[in-house]
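For reference, coords28.cif is printed below; it contains mmCIF, C-alpha atoms.
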data_run
loop_
_atom_site.label_atom_id
_atom_site.label_comp_id
_atom_site.auth_asym_id
_atom_site.auth_seq_id
_atom_site.Cartn_x
_atom_site.Cartn_y
_atom_site.Cartn_z
CA MET T 14 108.11 75.06 106.51
CA LEU T 15 110.30 78.04 105.51
CA SER T 16 113.06 78.31 102.92
CA GLY T 17 116.16 80.43 103.13
CA VAL T 18 115.82 84.14 102.46
CA LEU T 19 116.71 86.10 99.32
CA ILE T 20 117.34 89.83 99.70
CA THR T 21 117.71 92.60 97.18
CA ALA T 22 117.78 96.40 97.34
CA ALA T 23 117.81 99.23 94.82
CA SER T 24 121.57 99.53 95.36
CA ALA T 25 121.99 95.93 94.15
CA GLN T 26 121.61 97.19 90.59
CA ALA T 27 124.96 98.98 90.95
CA ALA T 28 126.88 95.81 91.87
CA MET T 29 127.88 93.27 89.27
CA THR T 30 126.46 89.79 89.83
CA ALA T 31 128.77 87.15 88.35
CA MET T 32 126.26 84.29 88.24
CA PRO T 33 122.79 85.67 88.89
CA ASP T 34 120.11 83.26 90.07
CA PRO T 35 117.88 82.68 87.01
CA ALA T 36 114.74 82.43 89.18
CA ALA T 37 115.37 85.64 91.14
CA PRO T 38 114.04 88.09 88.48
CA LYS T 39 110.65 86.37 88.78
CA LEU T 40 110.69 86.73 92.58
CA LEU T 41 112.48 90.00 93.29
CA PRO T 42 112.71 93.42 91.62
CA GLY T 43 116.52 93.08 91.35
CA PRO T 44 119.28 90.50 91.68
CA ALA T 45 119.55 88.60 94.95
CA ILE T 46 122.63 89.77 96.84
CA SER T 47 124.84 88.35 99.57
CA ARG T 48 125.94 91.79 100.76
CA ARG T 49 124.26 92.78 104.03
CA ILE T 50 125.30 96.46 104.27
CA PHE T 51 122.69 98.92 103.02
CA SER T 52 122.18 102.65 102.72
CA ARG T 53 119.32 104.43 104.49
CA ASN T 54 118.19 105.37 100.96
CA ASP T 55 117.54 101.70 100.19
CA THR T 56 114.36 99.68 100.37
CA LEU T 57 115.03 95.99 100.97
CA THR T 58 112.87 93.40 99.30
CA ILE T 59 112.91 89.96 100.88
CA PHE T 60 111.64 86.65 99.52
CA ALA T 61 111.13 83.38 101.35
CA GLU T 62 109.06 80.38 100.41
CA ILE T 63 106.57 78.96 102.91
CA TYR T 64 105.95 75.21 102.63
CA ASP T 65 102.69 73.66 103.78
CA ASN T 66 102.97 70.00 102.94
CA ILE T 67 100.94 68.56 105.81
CA SER T 68 99.10 65.60 104.32
CA ASN T 69 95.62 66.59 105.47
CA ARG T 70 94.10 69.34 103.39
CA GLN T 71 92.21 71.05 106.18
CA PRO T 72 91.85 74.80 105.69
CA ARG T 73 94.35 76.73 107.81
CA GLN T 74 95.84 80.16 108.23
CA ILE T 75 99.62 80.69 108.01
CA GLU T 76 100.78 83.67 110.06
CA THR T 77 103.92 85.48 108.87
CA ILE T 78 106.06 88.04 110.64
CA VAL T 79 108.88 90.09 109.13
CA SER T 80 110.79 92.16 111.68
CA VAL T 81 113.92 94.25 112.06
CA VAL T 82 115.33 94.57 115.60
CA SER T 83 118.21 96.79 116.73
CA GLU T 84 121.17 95.60 118.82
CA ASN T 85 119.50 97.03 121.93
CA GLY T 86 116.32 95.00 121.26
CA GLN T 87 114.14 97.78 119.83
CA GLU T 88 111.84 96.63 117.05
CA VAL T 89 112.18 99.23 114.27
CA PHE T 90 110.08 97.46 111.63
CA THR T 91 107.42 94.79 111.75
CA ALA T 92 104.91 93.43 109.27
CA ARG T 93 102.38 90.75 110.15
CA ASP T 94 100.27 89.01 107.54
CA THR T 95 97.99 86.00 107.37
CA VAL T 96 98.07 83.74 104.34
CA PRO T 97 95.04 81.47 103.91
CA ASN T 98 95.52 77.92 102.68
CA GLN T 99 92.18 76.50 101.63
CA GLY T 100 91.34 72.82 101.88
CA ASP T 101 89.89 72.67 98.38
CA ALA T 102 91.34 73.06 94.88
CA ALA T 103 92.97 76.35 95.99
CA HIS T 104 95.22 74.45 98.45
CA TRP T 105 98.92 75.24 97.93
CA THR T 106 102.08 73.45 99.09
CA ALA T 107 104.46 76.39 98.50
CA TYR T 108 103.79 80.11 98.84
CA GLY T 109 106.21 82.89 97.91
CA LEU T 110 106.32 85.54 100.63
CA THR T 111 107.75 88.90 99.56
CA HIS T 112 107.93 92.08 101.57
CA ASP T 113 109.47 95.53 101.18
CA ILE T 114 111.37 97.07 104.09
CA PRO T 115 112.09 100.80 103.67
CA LEU T 116 115.24 101.84 105.53
CA LYS T 117 114.75 105.65 105.38
CA ASP T 118 113.41 105.86 108.96
CA ILE T 119 115.90 103.38 110.44
CA ALA T 120 118.98 104.81 112.15
CA SER T 121 122.45 103.67 111.15
CA GLY T 122 123.54 100.52 112.96
CA ARG T 123 123.37 96.72 113.04
CA TYR T 124 120.02 94.93 113.00
CA LEU T 125 118.59 91.43 113.08
CA LEU T 126 116.21 90.77 110.18
CA THR T 127 113.81 87.92 110.98
CA ILE T 128 111.24 86.17 108.79
CA ALA T 129 108.96 83.72 110.61
CA ALA T 130 105.87 81.64 109.82
CA ASN T 131 103.56 79.33 111.71
CA VAL T 132 100.18 77.68 111.36
CA ARG T 133 97.70 79.73 113.39
CA GLY T 134 96.85 78.01 116.64
CA THR T 135 100.11 76.08 116.88
CA ALA T 136 103.37 76.83 118.66
CA ASN T 137 105.55 75.56 115.81
CA THR T 138 107.05 78.82 114.54
CA VAL T 139 109.84 78.46 112.00
CA GLY T 140 112.09 81.42 111.33
CA ARG T 141 115.13 82.60 109.43
CA GLU T 142 117.46 85.34 110.60
CA THR T 143 120.24 87.41 109.11
CA LEU T 144 122.24 90.39 110.34
CA ILE T 145 122.11 93.58 108.30
CA THR T 146 123.89 96.90 108.67
CA VAL T 147 122.28 100.21 107.79
CA GLN T 148 124.65 103.09 107.02
#
For this file, produce the structure as structure tokens.
Amino acid sequence: MLSGVLITAASAQAAMTAMPDPAAPKLLPGPAISRRIFSRNDTLTIFAEIYDNISNRQPRQIETIVSVVSENGQEVFTARDTVPNQGDAAHWTAYGLTHDIPLKDIASGRYLLTIAANVRGTANTVGRETLITVQ
């Protein structure tokens, strides 16, 4: 139900990307990067694709959560959204979730970045996690 995560930041423009992903410019404001160390001056932009390929086309709500949690368990950023998936001609099987995460108010340290999605009313949450460092 959830793809891997692409991340970029303003500082990514300064790093050379040997083989940039040709799809990334359509999804992110800069090249996707593997580096996970960022400046407090950066704003991260994340992208993940949500898949809803359940065969019945009943209308449903997909809940998404993007969070950043410190090593001591303090949540320093969270964004919750609901993405509707209609049961009619507007029904989608893949949805591109993007979100900006400003780092200016986050103290230096290591953090767990989590992107999660589930169909409202179910307990089947799917998530992706990656460690980031803010300097």
Inset, instruction - Have a look at T:Ser47, T:Asn54, T:Ser16, T:Asn98 and name the one nearest to Ile128 in chain T; count only C-alpha atoms. - result: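 The closest residue to Ile128 in chain T is T:Ser16.
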Inset, instruction - Figure out the distance between CA of Gly109 in chain T and CA of Tyr64 in chain T, please, to one decimal in Å. - result: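 If I compute the distance from CA of Tyr64 in chain T to CA of Gly109 in chain T, I get 9.0 Å.
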For the point (127.6, 101.9, 104.2) in file coordinates, what residues are within 10 Å, counting all atoms listed in the file? Give the answer as a JSON list (two decimals) with C-alpha atoms, keeping the file's coordinate frame?
[["chain", "number", "residue", "atom", "x", "y", "z"],
["T", 49, "ARG", "CA", 124.26, 92.78, 104.03],
["T", 50, "ILE", "CA", 125.30, 96.46, 104.27],
["T", 51, "PHE", "CA", 122.69, 98.92, 103.02],
["T", 52, "SER", "CA", 122.18, 102.65, 102.72],
["T", 53, "ARG", "CA", 119.32, 104.43, 104.49],
["T", 121, "SER", "CA", 122.45, 103.67, 111.15],
["T", 122, "GLY", "CA", 123.54, 100.52, 112.96],
["T", 146, "THR", "CA", 123.89, 96.90, 108.67],
["T", 147, "VAL", "CA", 122.28, 100.21, 107.79],
["T", 148, "GLN", "CA", 124.65, 103.09, 107.02]]
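Taken over the whole file, the PyMOL selection byres ((chain T and resi 141) around 7) covers exactly Gly17, Thr127, Ile128, Ala129, Gly140 and Glu142 of chain T.
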Could those selected residues go to a file with C-alpha atoms, as a compact mmCIF listing (two decimals), in the coordinates of the input?
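Output (result-v2.txt):
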# COMPACT_ATOMS: atom_id res chain seq x y z
CA GLY T 17 116.16 80.43 103.13
CA THR T 127 113.81 87.92 110.98
CA ILE T 128 111.24 86.17 108.79
CA ALA T 129 108.96 83.72 110.61
CA GLY T 140 112.09 81.42 111.33
CA GLU T 142 117.46 85.34 110.60
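Among the candidates T:Phe90, T:Tyr124, T:Trp105, T:Phe60, the one nearest to Leu19 in chain T when counting all atoms listed in the file is T:Phe60.
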Inset, instruction - Determine, counting only C-alpha atoms, which protein, DNA and RNA residues have an atom within 8 Å of an atom of Ile20 in chain T; residues of the same chain fewer than 6 positions away are not included. Present the result as an NGL selection string. - result: :T and (45-47 or 57-60)
Inset, instruction - Rank T:Ala120, T:Ile145, T:Ile67, T:Leu125 by their smallest atom-to-atom distance to Ala107 in chain T, using all atoms listed in the file, and report the top residue only. - result: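 For Ala107 in chain T, the nearest of the given residues is T:Ile67.
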Inset, instruction - Could you tell me how far CA of Arg133 in chain T lies from CA of Ser83 in chain T, in Å and to one decimal? - result: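 Computing the Euclidean distance for CA of Arg133 in chain T and CA of Ser83 in chain T yields 26.9 Å.
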Inset, instruction - Decode the PyMOL selection byres ((chain T and resi 80) around 7) for the given file into explicit residues and return them as a VMD selection string. - result: chain T and resid 78 to 79 81 to 82 90 to 92 126 to 128
Legend entry - Selection dump of the PyMOL selection byres ((chain T and resi 75) around 8), as a PyMOL selection string: chain T and resi 73-74+76-77+95-98+130-133
Inset, instruction - One decimal, Å: what's the distance from CA of Val18 in chain T over to CA of Gly43 in chain T, could you say? - result: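 We find that CA of Val18 in chain T and CA of Gly43 in chain T lie 14.3 Å from each other.
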Inset, instruction - Choose the residue, out of T:Asp118, T:Asn85, T:Ala136, T:Asp65, that has the smallest atom-to-atom separation from His104 in chain T; count only C-alpha atoms. - result: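 Comparing T:Asp118, T:Asn85, T:Ala136, T:Asp65 against His104 in chain T, the winner is T:Asp65.
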Legend entry - Selected residue of minimal separation from Glu62 in chain T among T:Val89, T:Val139, T:Pro115, T:Pro42, counting only C-alpha atoms: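 Using only C-alpha atoms, the shortest distance to Glu62 in chain T belongs to T:Val139.
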Inset, instruction - Would you mind telling me which residue in T:Ala22, T:Glu88, T:Gly100, T:Asn66 lies nearest to Asp113 in chain T when using only C-alpha atoms? - result: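 Among T:Ala22, T:Glu88, T:Gly100, T:Asn66, it is T:Ala22 that comes nearest to Asp113 in chain T.
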